[in-house]
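Chemist: Contents of entry_27.pdb (PDB, C-alpha atoms):
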MODEL        1
ATOM      1  CA  MET E   1       4.468 -25.220 -18.757
ATOM      2  CA  THR E   2       7.887 -25.235 -20.390
ATOM      3  CA  GLU E   3      11.091 -23.523 -19.313
ATOM      4  CA  ASN E   4      10.498 -20.642 -21.738
ATOM      5  CA  THR E   5       6.836 -20.136 -20.863
ATOM      6  CA  PRO E   6       6.328 -17.278 -18.444
ATOM      7  CA  PRO E   7       4.128 -17.974 -15.424
ATOM      8  CA  THR E   8       0.525 -16.926 -15.671
ATOM      9  CA  GLY E   9      -0.854 -14.497 -13.173
ATOM     10  CA  THR E  10      -2.345 -11.094 -12.668
ATOM     11  CA  ASP E  11       0.629  -8.766 -12.938
ATOM     12  CA  THR E  12      -1.064  -5.391 -12.861
ATOM     13  CA  ALA E  13       1.165  -2.495 -13.735
ATOM     14  CA  THR E  14      -1.651  -0.102 -12.932
ATOM     15  CA  GLY E  15      -3.258  -2.197 -10.214
ATOM     16  CA  THR E  16      -6.880  -3.143  -9.831
ATOM     17  CA  ASP E  17      -7.731  -3.246  -6.157
ATOM     18  CA  PRO E  18      -7.593   0.088  -4.288
ATOM     19  CA  ASP E  19      -7.796  -1.754  -0.957
ATOM     20  CA  ALA E  20      -4.912  -4.123  -1.691
ATOM     21  CA  ARG E  21      -1.608  -3.840   0.147
ATOM     22  CA  TYR E  22       1.650  -3.450  -1.739
ATOM     23  CA  GLU E  23       4.067  -5.908  -0.141
ATOM     24  CA  GLN E  24       6.607  -6.699  -2.880
ATOM     25  CA  PRO E  25       7.198  -6.095  -6.573
ATOM     26  CA  GLY E  26       5.730  -8.595  -8.989
ATOM     27  CA  TYR E  27       2.260 -10.044  -9.102
ATOM     28  CA  GLU E  28       0.234  -7.557  -7.113
ATOM     29  CA  ASP E  29      -3.237  -6.072  -7.102
ATOM     30  CA  LYS E  30      -1.787  -2.612  -6.591
ATOM     31  CA  SER E  31       1.129  -0.894  -8.280
ATOM     32  CA  LEU E  32       3.920   0.692  -6.270
ATOM     33  CA  GLY E  33       2.865   4.098  -7.579
ATOM     34  CA  GLN E  34      -0.709   3.582  -6.433
ATOM     35  CA  ALA E  35       0.449   2.503  -2.977
ATOM     36  CA  ALA E  36       2.768   5.504  -2.673
ATOM     37  CA  ASN E  37       0.031   7.923  -3.763
ATOM     38  CA  GLN E  38      -2.494   6.414  -1.364
ATOM     39  CA  ASP E  39      -0.016   6.525   1.497
ATOM     40  CA  GLN E  40       0.774  10.193   0.804
ATOM     41  CA  GLU E  41      -2.943  11.022   0.816
ATOM     42  CA  LEU E  42      -3.382   8.986   3.998
ATOM     43  CA  ALA E  43      -0.493  10.784   5.730
ATOM     44  CA  ASP E  44      -1.926  14.173   4.814
ATOM     45  CA  ARG E  45      -5.420  13.189   5.978
ATOM     46  CA  LEU E  46      -4.229  11.690   9.267
ATOM     47  CA  LEU E  47      -2.129  14.737  10.086
ATOM     48  CA  ALA E  48      -5.142  16.969   9.475
ATOM     49  CA  GLU E  49      -7.457  14.697  11.508
ATOM     50  CA  GLU E  50      -4.989  14.680  14.400
ATOM     51  CA  GLY E  51      -4.735  18.469  14.412
ATOM     52  CA  GLY E  52      -1.055  18.467  13.453
ATOM     53  CA  ASP E  53      -0.029  15.922  16.112
ATOM     54  CA  VAL E  54       2.732  14.191  14.153
ATOM     55  CA  ARG E  55       3.323  11.382  16.659
ATOM     56  CA  THR E  56      -0.334  10.300  16.780
ATOM     57  CA  ALA E  57      -0.697  10.618  13.004
ATOM     58  CA  GLU E  58       2.457   8.531  12.561
ATOM     59  CA  GLU E  59       1.112   5.808  14.853
ATOM     60  CA  ARG E  60      -2.145   5.686  12.918
ATOM     61  CA  PHE E  61      -0.236   5.649   9.629
ATOM     62  CA  GLU E  62       1.675   2.546  10.743
ATOM     63  CA  ARG E  63      -1.661   0.778  11.284
ATOM     64  CA  GLU E  64      -3.548   2.110   8.257
ATOM     65  CA  SER E  65      -0.913   2.353   5.514
ATOM     66  CA  HIS E  66      -1.152   0.269   2.352
ATOM     67  CA  GLY E  67       2.605  -0.265   2.298
ATOM     68  CA  PRO E  68       4.811  -2.963   3.826
ATOM     69  CA  GLY E  69       5.488  -3.365   7.507
ATOM     70  CA  THR E  70       2.055  -2.406   8.746
ATOM     71  CA  GLY E  71      -0.559  -4.276  10.682
ATOM     72  CA  ALA E  72      -3.409  -3.270   8.385
ATOM     73  CA  ASP E  73      -4.169  -6.812   7.198
TER
ENDMDL
END
Here is the file; what I need is its structure written in the form of C-alpha coordinates.
Modeler:
Amino acid sequence: MTENTPPTGTDTATGTDPDARYEQPGYEDKSLGQAANQDQELADRLLAEEGGDVRTAEERFERESHGPGTGAD
(Lines of atoms letter the chains of each structure in order from A and count residues from 1; the text may use other names and numbers.)
(Lines give C-alpha, C1' and ligand atoms only; values in the text may rest on other atoms or scores of the structure.)
Protein backbone atom coordinates (compact mmCIF):
# COMPACT_ATOMS: atom_id res chain seq x y z
CA MET A 1 0.00 0.00 0.00
CA THR A 2 1.35 3.42 -0.91
CA GLU A 3 0.96 6.73 0.88
CA ASN A 4 -1.87 7.79 -1.45
CA THR A 5 -3.75 4.49 -1.30
CA PRO A 6 -6.64 4.61 1.12
CA PRO A 7 -6.91 1.73 3.60
CA THR A 8 -9.24 -1.07 2.69
CA GLY A 9 -12.08 -1.92 4.99
CA THR A 10 -15.80 -2.09 5.37
CA ASP A 11 -16.82 1.53 5.84
CA THR A 12 -20.59 1.25 5.76
CA ALA A 13 -22.39 4.54 5.52
CA THR A 14 -25.70 2.73 5.87
CA GLY A 15 -24.44 -0.07 8.09
CA THR A 16 -24.95 -3.78 7.68
CA ASP A 17 -25.27 -5.35 11.10
CA PRO A 18 -28.35 -4.35 13.14
CA ASP A 19 -26.81 -5.92 16.26
CA ALA A 20 -23.50 -4.06 15.99
CA ARG A 21 -22.55 -1.35 18.46
CA TYR A 22 -21.63 2.13 17.30
CA GLU A 23 -18.48 3.05 19.21
CA GLN A 24 -16.71 5.62 16.99
CA PRO A 25 -16.95 7.14 13.54
CA GLY A 26 -15.14 5.38 10.74
CA TYR A 27 -15.11 1.72 9.85
CA GLU A 28 -18.23 0.42 11.52
CA ASP A 29 -20.93 -2.16 10.92
CA LYS A 30 -23.59 0.35 11.91
CA SER A 31 -24.03 3.98 10.94
CA LEU A 32 -24.48 6.68 13.55
CA GLY A 33 -28.00 7.28 12.25
CA GLN A 34 -28.91 3.62 12.62
CA ALA A 35 -27.56 3.54 16.18
CA ALA A 36 -29.46 6.71 17.11
CA ASN A 37 -32.71 5.37 15.63
CA GLN A 38 -32.33 2.03 17.38
CA ASP A 39 -31.57 3.71 20.68
CA GLN A 40 -34.64 5.95 20.37
CA GLU A 41 -36.82 2.91 19.68
CA LEU A 42 -35.18 1.08 22.59
CA ALA A 43 -35.79 4.01 24.97
CA ASP A 44 -39.45 4.18 23.97
CA ARG A 45 -39.89 0.42 24.35
CA LEU A 46 -38.14 0.24 27.72
CA LEU A 47 -40.18 3.12 29.12
CA ALA A 48 -43.37 1.37 28.04
CA GLU A 49 -42.20 -2.00 29.44
CA GLU A 50 -41.32 -0.38 32.76
CA GLY A 51 -44.73 1.28 33.03
CA GLY A 52 -43.30 4.80 32.84
CA ASP A 53 -40.63 4.21 35.50
CA VAL A 54 -37.93 6.46 34.04
CA ARG A 55 -35.17 5.41 36.46
CA THR A 56 -35.56 1.68 35.78
CA ALA A 57 -35.90 2.25 32.03
CA GLU A 58 -32.76 4.41 32.11
CA GLU A 59 -30.81 1.69 33.93
CA ARG A 60 -31.89 -0.89 31.38
CA PHE A 61 -31.04 1.50 28.54
CA GLU A 62 -27.48 1.82 29.84
CA ARG A 63 -27.12 -1.97 29.60
CA GLU A 64 -29.00 -2.54 26.34
CA SER A 65 -28.15 0.50 24.20
CA HIS A 66 -26.24 0.15 20.94
CA GLY A 67 -24.31 3.35 21.61
CA PRO A 68 -21.02 4.01 23.40
CA GLY A 69 -20.48 3.71 27.11
CA THR A 70 -22.70 0.72 27.69
CA GLY A 71 -22.02 -2.75 28.95
CA ALA A 72 -23.97 -4.47 26.19
CA ASP A 73 -20.96 -6.24 24.68
Chemist: Do you have the CA of Gln34 (chain E)-CA of Glu64 (chain E) distance handy?
Modeler: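 Here the two named atoms are 15.0 Å from each other.
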Chemist: Quote the spacing between CA of Asp44 (chain E) and CA of Asp19 (chain E) in Å to one decimal place.
Modeler: 17.9 Å
Chemist: Would you mind listing what lies within 10 Å of Arg60 (chain E) as an mmCIF file with C-alpha atoms, keeping the file's coordinate frame, with all atoms listed in the file counted and same-chain residues fewer than 4 positions away left out?
Modeler:
data_model
loop_
_atom_site.group_PDB
_atom_site.id
_atom_site.type_symbol
_atom_site.label_atom_id
_atom_site.label_comp_id
_atom_site.auth_asym_id
_atom_site.auth_seq_id
_atom_site.Cartn_x
_atom_site.Cartn_y
_atom_site.Cartn_z
ATOM 1 C CA LEU E 42 -3.382 8.986 3.998
ATOM 2 C CA ALA E 43 -0.493 10.784 5.730
ATOM 3 C CA LEU E 46 -4.229 11.690 9.267
ATOM 4 C CA LEU E 47 -2.129 14.737 10.086
ATOM 5 C CA GLU E 50 -4.989 14.680 14.400
ATOM 6 C CA VAL E 54 2.732 14.191 14.153
ATOM 7 C CA ARG E 55 3.323 11.382 16.659
ATOM 8 C CA THR E 56 -0.334 10.300 16.780
ATOM 9 C CA GLU E 64 -3.548 2.110 8.257
ATOM 10 C CA SER E 65 -0.913 2.353 5.514
#
Chemist: Using Å and a single decimal, report how far CA of Gly51 (chain E) sits from CA of Ala35 (chain E).
Modeler: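 Going from CA of Ala35 (chain E) over to CA of Gly51 (chain E) covers 24.2 Å.
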